[in-house]
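Visitor: One file is attached below, run-v9.txt, containing compact mmCIF, C-alpha atoms.
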# COMPACT_ATOMS: atom_id res chain seq x y z
CA MET A 1 27.91 -57.13 -8.28
CA LYS A 2 26.31 -56.44 -4.90
CA THR A 3 24.41 -53.24 -4.22
CA ILE A 4 24.41 -50.75 -1.35
CA LEU A 5 21.33 -48.52 -1.18
CA CYS A 6 22.08 -45.25 0.63
CA PHE A 7 18.77 -43.76 1.74
CA GLY A 8 18.87 -40.32 3.34
CA ASP A 9 18.24 -36.60 3.18
CA SER A 10 20.26 -33.61 1.96
CA ASN A 11 23.44 -34.90 3.58
CA THR A 12 23.14 -38.03 1.46
CA TYR A 13 22.13 -35.97 -1.57
CA GLY A 14 25.31 -33.97 -1.09
CA TYR A 15 23.94 -30.47 -0.49
CA ALA A 16 26.84 -28.00 -0.64
CA PRO A 17 26.55 -25.29 2.04
CA GLU A 18 29.05 -23.04 0.25
CA THR A 19 27.08 -22.81 -3.00
CA LYS A 20 23.62 -24.08 -1.99
CA GLY A 21 24.02 -26.49 -4.88
CA ARG A 22 25.21 -30.09 -4.89
CA TYR A 23 28.68 -31.46 -4.38
CA PRO A 24 29.97 -33.52 -7.32
CA GLU A 25 30.15 -37.28 -7.06
CA THR A 26 33.88 -37.07 -6.29
CA ILE A 27 33.10 -35.21 -3.04
CA ARG A 28 29.78 -36.73 -1.92
CA TRP A 29 30.22 -39.44 0.71
CA THR A 30 28.15 -41.80 -1.42
CA GLY A 31 30.45 -41.26 -4.40
CA LEU A 32 33.55 -41.72 -2.26
CA LEU A 33 32.06 -44.84 -0.70
CA ASN A 34 31.36 -46.23 -4.16
CA LYS A 35 35.06 -46.00 -4.98
CA LEU A 36 36.05 -47.59 -1.68
CA VAL A 37 33.73 -50.60 -1.97
CA GLU A 38 34.54 -51.45 -5.59
CA SER A 39 37.27 -53.80 -4.41
CA LEU A 40 34.71 -55.62 -2.25
CA GLY A 41 32.42 -56.21 -5.23
CA TYR A 42 29.82 -53.56 -4.34
CA ARG A 43 28.30 -50.56 -6.07
CA VAL A 44 26.46 -47.71 -4.35
CA ILE A 45 22.96 -46.55 -5.26
CA GLU A 46 22.46 -42.93 -4.19
CA GLU A 47 18.98 -42.10 -2.88
CA GLY A 48 19.32 -38.81 -1.03
CA LEU A 49 16.65 -36.09 -1.10
CA VAL A 50 16.66 -32.59 0.38
CA GLY A 51 14.06 -32.31 3.15
CA ARG A 52 13.37 -36.04 3.48
CA THR A 53 12.04 -37.21 6.84
CA SER A 54 11.44 -40.65 8.25
CA VAL A 55 7.63 -40.52 8.31
CA PHE A 56 6.54 -36.87 8.36
CA PRO A 57 4.95 -35.18 5.30
CA ASP A 58 6.16 -31.79 4.10
CA ASN A 59 3.13 -29.73 3.11
CA LEU A 60 5.27 -27.47 0.92
CA ARG A 61 7.25 -30.16 -0.92
CA PRO A 62 5.88 -33.52 -2.12
CA GLY A 63 7.54 -36.87 -1.62
CA ARG A 64 9.47 -36.09 1.55
CA ASN A 65 7.96 -38.83 3.71
CA GLY A 66 10.62 -41.52 3.58
CA SER A 67 8.30 -44.34 4.60
CA GLU A 68 6.22 -43.80 1.47
CA LEU A 69 9.14 -44.11 -0.94
CA LEU A 70 11.52 -46.58 0.70
CA PRO A 71 9.39 -49.69 -0.11
CA VAL A 72 9.24 -48.61 -3.77
CA LEU A 73 13.01 -48.15 -3.95
CA LEU A 74 13.69 -51.48 -2.30
CA GLU A 75 11.60 -53.14 -5.01
CA SER A 76 12.90 -51.09 -7.95
CA HIS A 77 16.53 -51.71 -7.01
CA TYR A 78 16.00 -55.38 -6.11
CA PRO A 79 18.07 -57.21 -5.06
CA VAL A 80 19.54 -54.89 -2.45
CA ASP A 81 22.35 -56.39 -0.39
CA THR A 82 23.01 -53.54 2.07
CA VAL A 83 20.96 -50.52 3.12
CA VAL A 84 22.65 -47.52 4.70
CA LEU A 85 19.92 -45.52 6.44
CA MET A 86 20.65 -41.98 7.62
CA LEU A 87 17.61 -39.83 8.38
CA GLY A 88 16.34 -37.76 11.30
CA THR A 89 17.68 -34.24 10.86
CA ASN A 90 14.56 -32.91 9.14
CA ASP A 91 12.40 -34.71 11.70
CA CYS A 92 13.84 -32.24 14.23
CA LYS A 93 12.11 -29.28 12.54
CA THR A 94 9.87 -27.15 14.73
CA VAL A 95 6.76 -27.89 12.67
CA TYR A 96 6.82 -31.57 13.70
CA GLY A 97 7.46 -31.02 17.41
CA ALA A 98 8.89 -34.54 17.62
CA SER A 99 11.03 -35.80 20.46
CA ALA A 100 14.02 -38.04 19.83
CA GLN A 101 11.91 -41.00 20.94
CA VAL A 102 9.15 -40.18 18.44
CA ILE A 103 11.72 -39.76 15.67
CA GLY A 104 13.06 -43.16 16.69
CA LYS A 105 9.62 -44.68 16.10
CA GLY A 106 9.73 -43.32 12.55
CA ILE A 107 13.16 -44.85 12.01
CA GLU A 108 11.89 -48.13 13.43
CA LYS A 109 9.10 -48.12 10.85
CA LEU A 110 11.71 -47.82 8.09
CA LEU A 111 13.75 -50.65 9.58
CA LEU A 112 10.68 -52.87 9.61
CA GLN A 113 9.98 -51.98 5.98
CA ILE A 114 13.48 -53.10 5.03
CA LYS A 115 13.14 -56.30 7.07
CA SER A 116 9.84 -57.06 5.35
CA ILE A 117 10.71 -56.24 1.74
CA ALA A 118 14.43 -57.09 1.68
CA PRO A 119 14.86 -59.52 4.59
CA GLU A 120 18.28 -60.67 3.42
CA ALA A 121 19.69 -57.14 3.25
CA ASP A 122 22.26 -56.05 5.80
CA ILE A 123 21.36 -52.72 7.42
CA ILE A 124 23.70 -50.01 8.63
CA LEU A 125 21.84 -47.43 10.70
CA VAL A 126 23.55 -44.04 10.89
CA SER A 127 22.48 -41.41 13.38
CA PRO A 128 22.89 -37.99 11.74
CA ILE A 129 25.37 -35.25 12.60
CA TYR A 130 24.27 -32.76 15.22
CA LEU A 131 22.64 -29.53 14.14
CA GLY A 132 24.82 -26.46 14.72
CA GLU A 133 24.15 -24.37 17.80
CA LYS A 134 23.09 -21.38 15.66
CA VAL A 135 21.05 -23.23 13.01
CA TRP A 136 17.75 -21.72 14.22
CA GLN A 137 18.90 -18.12 13.68
CA GLU A 138 17.38 -16.17 10.80
CA GLN A 139 20.49 -16.20 8.61
CA TYR A 140 20.65 -20.00 8.75
CA ASP A 141 17.52 -22.19 8.91
CA PRO A 142 14.65 -20.90 11.07
CA GLU A 143 12.68 -24.07 10.35
CA PHE A 144 14.62 -25.32 13.38
CA ASN A 145 14.74 -23.90 16.90
CA GLN A 146 16.97 -24.37 19.93
CA VAL A 147 15.00 -27.45 20.99
CA SER A 148 15.77 -28.95 17.57
CA VAL A 149 19.48 -28.71 18.31
CA GLU A 150 19.08 -30.58 21.58
CA THR A 151 16.85 -33.20 19.96
CA SER A 152 19.46 -33.85 17.26
CA LYS A 153 21.98 -34.62 19.99
CA LYS A 154 19.69 -37.23 21.55
CA LEU A 155 19.17 -39.25 18.37
CA LYS A 156 22.45 -41.14 18.72
CA ASP A 157 21.38 -43.07 21.82
CA VAL A 158 17.91 -43.80 20.41
CA TYR A 159 19.34 -45.13 17.14
CA LYS A 160 21.99 -47.18 18.91
CA LYS A 161 19.26 -49.04 20.80
CA LEU A 162 17.34 -49.65 17.58
CA ALA A 163 20.46 -50.97 15.87
CA LYS A 164 20.96 -53.44 18.70
CA LYS A 165 17.29 -54.48 18.66
CA TYR A 166 17.30 -55.19 14.92
CA GLU A 167 20.90 -56.44 14.69
CA CYS A 168 22.02 -53.62 12.41
CA GLY A 169 25.42 -52.10 11.97
CA PHE A 170 25.58 -48.71 13.67
CA LEU A 171 27.49 -45.48 13.21
CA ALA A 172 27.04 -42.14 14.92
CA ALA A 173 27.91 -39.68 12.14
CA SER A 174 28.41 -37.07 14.86
CA LYS A 175 31.52 -38.98 15.98
CA VAL A 176 33.29 -38.39 12.68
CA ALA A 177 31.76 -35.17 11.30
CA GLY A 178 29.90 -32.01 12.15
CA PRO A 179 27.89 -29.28 10.42
CA SER A 180 29.40 -26.58 8.26
CA GLU A 181 29.93 -23.17 9.81
CA GLN A 182 28.28 -21.71 6.68
CA ASP A 183 24.83 -23.12 7.35
CA GLN A 184 25.04 -25.01 10.67
CA GLU A 185 23.34 -28.00 9.09
CA HIS A 186 25.18 -29.73 6.27
CA LEU A 187 28.36 -31.73 5.94
CA THR A 188 31.57 -30.10 4.75
CA LYS A 189 33.78 -31.71 2.12
CA GLU A 190 35.93 -33.07 4.93
CA GLY A 191 32.84 -34.43 6.65
CA HIS A 192 31.80 -36.31 3.52
CA GLU A 193 35.24 -37.90 3.29
CA ALA A 194 35.26 -38.91 6.96
CA LEU A 195 31.75 -40.37 6.76
CA ALA A 196 32.58 -42.40 3.65
CA LYS A 197 35.63 -43.91 5.33
CA ALA A 198 33.73 -44.73 8.54
CA ILE A 199 30.89 -46.47 6.69
CA TYR A 200 33.38 -48.35 4.53
CA GLU A 201 35.06 -49.75 7.63
CA ILE A 202 31.73 -51.06 8.89
CA ILE A 203 30.88 -52.67 5.54
CA LYS A 204 34.31 -54.25 5.34
CA GLU A 205 33.95 -55.76 8.82
CA ARG A 206 30.46 -57.13 8.17
Could you quickly redo this structure as structure tokens?
Guide:
Amino acid sequence: MKTILCFGDSNTYGYAPETKGRYPETIRWTGLLNKLVESLGYRVIEEGLVGRTSVFPDNLRPGRNGSELLPVLLESHYPVDTVVLMLGTNDCKTVYGASAQVIGKGIEKLLLQIKSIAPEADIILVSPIYLGEKVWQEQYDPEFNQVSVETSKKLKDVYKKLAKKYECGFLAASKVAGPSEQDQEHLTKEGHEALAKAIYEIIKER
């Protein structure tokens, strides 16, 4: 059976904005995708982590730098046939002060890691959903600011160019889903379902 490694942050982990817990497998987009791709001979490996970035360290939580862990996962799950990469939201945090172009350089590093360690793997690059307009307010997530919101909206075009450069599949998650009203940051149940279906269509076509 072929494998699909889904590497991402809390929206791949399945963080539930209503409970601040985790959605069950039957709601997470990775779990839904796993059901959809069974008929194609695939199984999904979930590798989502709250707070994960492309290349930036989190001084309060260890292991959040995606570029440090991705090579290990590519080896431990070998052989990997498809990698679905969706990161960038946490890179928009105020503490990093990163532009969309700088975040793109971090994503490019991850793409090169995949190309080096799993050269035969197909890659689907997903630009994340936009941050909500109020995410920076105290009752939501003040690790972001208003600039973060605008940066999140610019990632789509940066990622689309990278996908073309490296011949990856591409999906703008913002085209099919948005952030929950509860926390202005994470996917709703409906968003998980829509994302799973959109990624499935890309896998089926490739």
Visitor: Which polymer residues have any atom within 8 Å of an atom of segment 41-45 of chain A, counting all atoms listed in the file, with same-chain residues fewer than 6 positions away left out, as a list in words?
Guide: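 Here the qualifying residues turn out to be Met1, Lys2, Thr3, Ile4, Leu5, Cys6, Thr30, Gly31, Leu33 and Asn34 of chain A.
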Visitor: Rounded to one decimal, what separation in Å do you get between atom CA of Lys109 of chain A and atom CA of Glu167 of chain A?
Guide: 14.9 Å
Visitor: Enter the distance from atom CA of Pro17 of chain A to atom CA of Glu181 of chain A, in Å, rounded to one decimal.
Guide: 8.7 Å
Visitor: Which of these residues is nearest to Ala118 of chain A, using all atoms listed in the file: A:Thr82, A:Ser39, A:Gln182, A:Thr89?
Guide: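 Using all atoms listed in the file, Ala118 of chain A sits closest to A:Thr82.
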Visitor: Which of these, A:Val158, A:Ala121, A:Val72, A:Leu32, has the shortest distance to Lys105 of chain A once you count all atoms listed in the file?
Guide: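 Residue with the minimum atom-to-atom distance to Lys105 of chain A: A:Val158.
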Visitor: May I have the residues within 8 Å of segment 188-200 of chain A as a list in words, using only C-alpha atoms and disregarding those fewer than 6 positions away in the same chain?
Guide: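 These residues fall inside the cut-off: Ala16, Pro17, Ile27, Arg28, Trp29, Thr30, Leu32, Leu33, Leu36, Val37, Leu171, Ala173, Val176, Ala177, Gly178, Pro179 and Ser180 of chain A.
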Visitor: Leaving out Thr94 of chain A and any residue of its chain fewer than 3 positions from it, which residues lie within 12 Å of it when counting all atoms listed in the file, given as a list in words?
Guide: Thr89, Asn90, Asp91, Gly97, Ala98, Ser99, Val135, Trp136, Asp141, Pro142, Glu143, Phe144, Asn145, Gln146, Val147, Ser148, Val149, Glu150, Thr151 and Ser152 of chain A
Visitor: List the spatial neighbours of Cys168 of chain A as a PyMOL selection string - criterion: any atom at most 6 Å away, all atoms listed in the file, same-chain residues fewer than 5 positions off excluded.
Guide: chain A and resi 123-124+163
Visitor: Which residue is closest to Thr19 of chain A? Choose from A:His186, A:Ile202, A:Phe56, A:Lys93 and count only C-alpha atoms.
Guide: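 Closest candidate: A:His186.
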Visitor: How far is it from atom CA of Lys134 of chain A to atom CA of Val55 of chain A, in Å with one decimal?
Guide: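 One can read the atom CA of Lys134 of chain A to atom CA of Val55 of chain A distance as 25.7 Å.
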Visitor: Name the closest residue to Lys165 of chain A among the candidates A:Gln184, A:Gly132, A:Ile117, A:Leu111; distances are taken between atoms, counting only C-alpha atoms.
Guide: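 That would be A:Leu111, the residue with the smallest distance to Lys165 of chain A.
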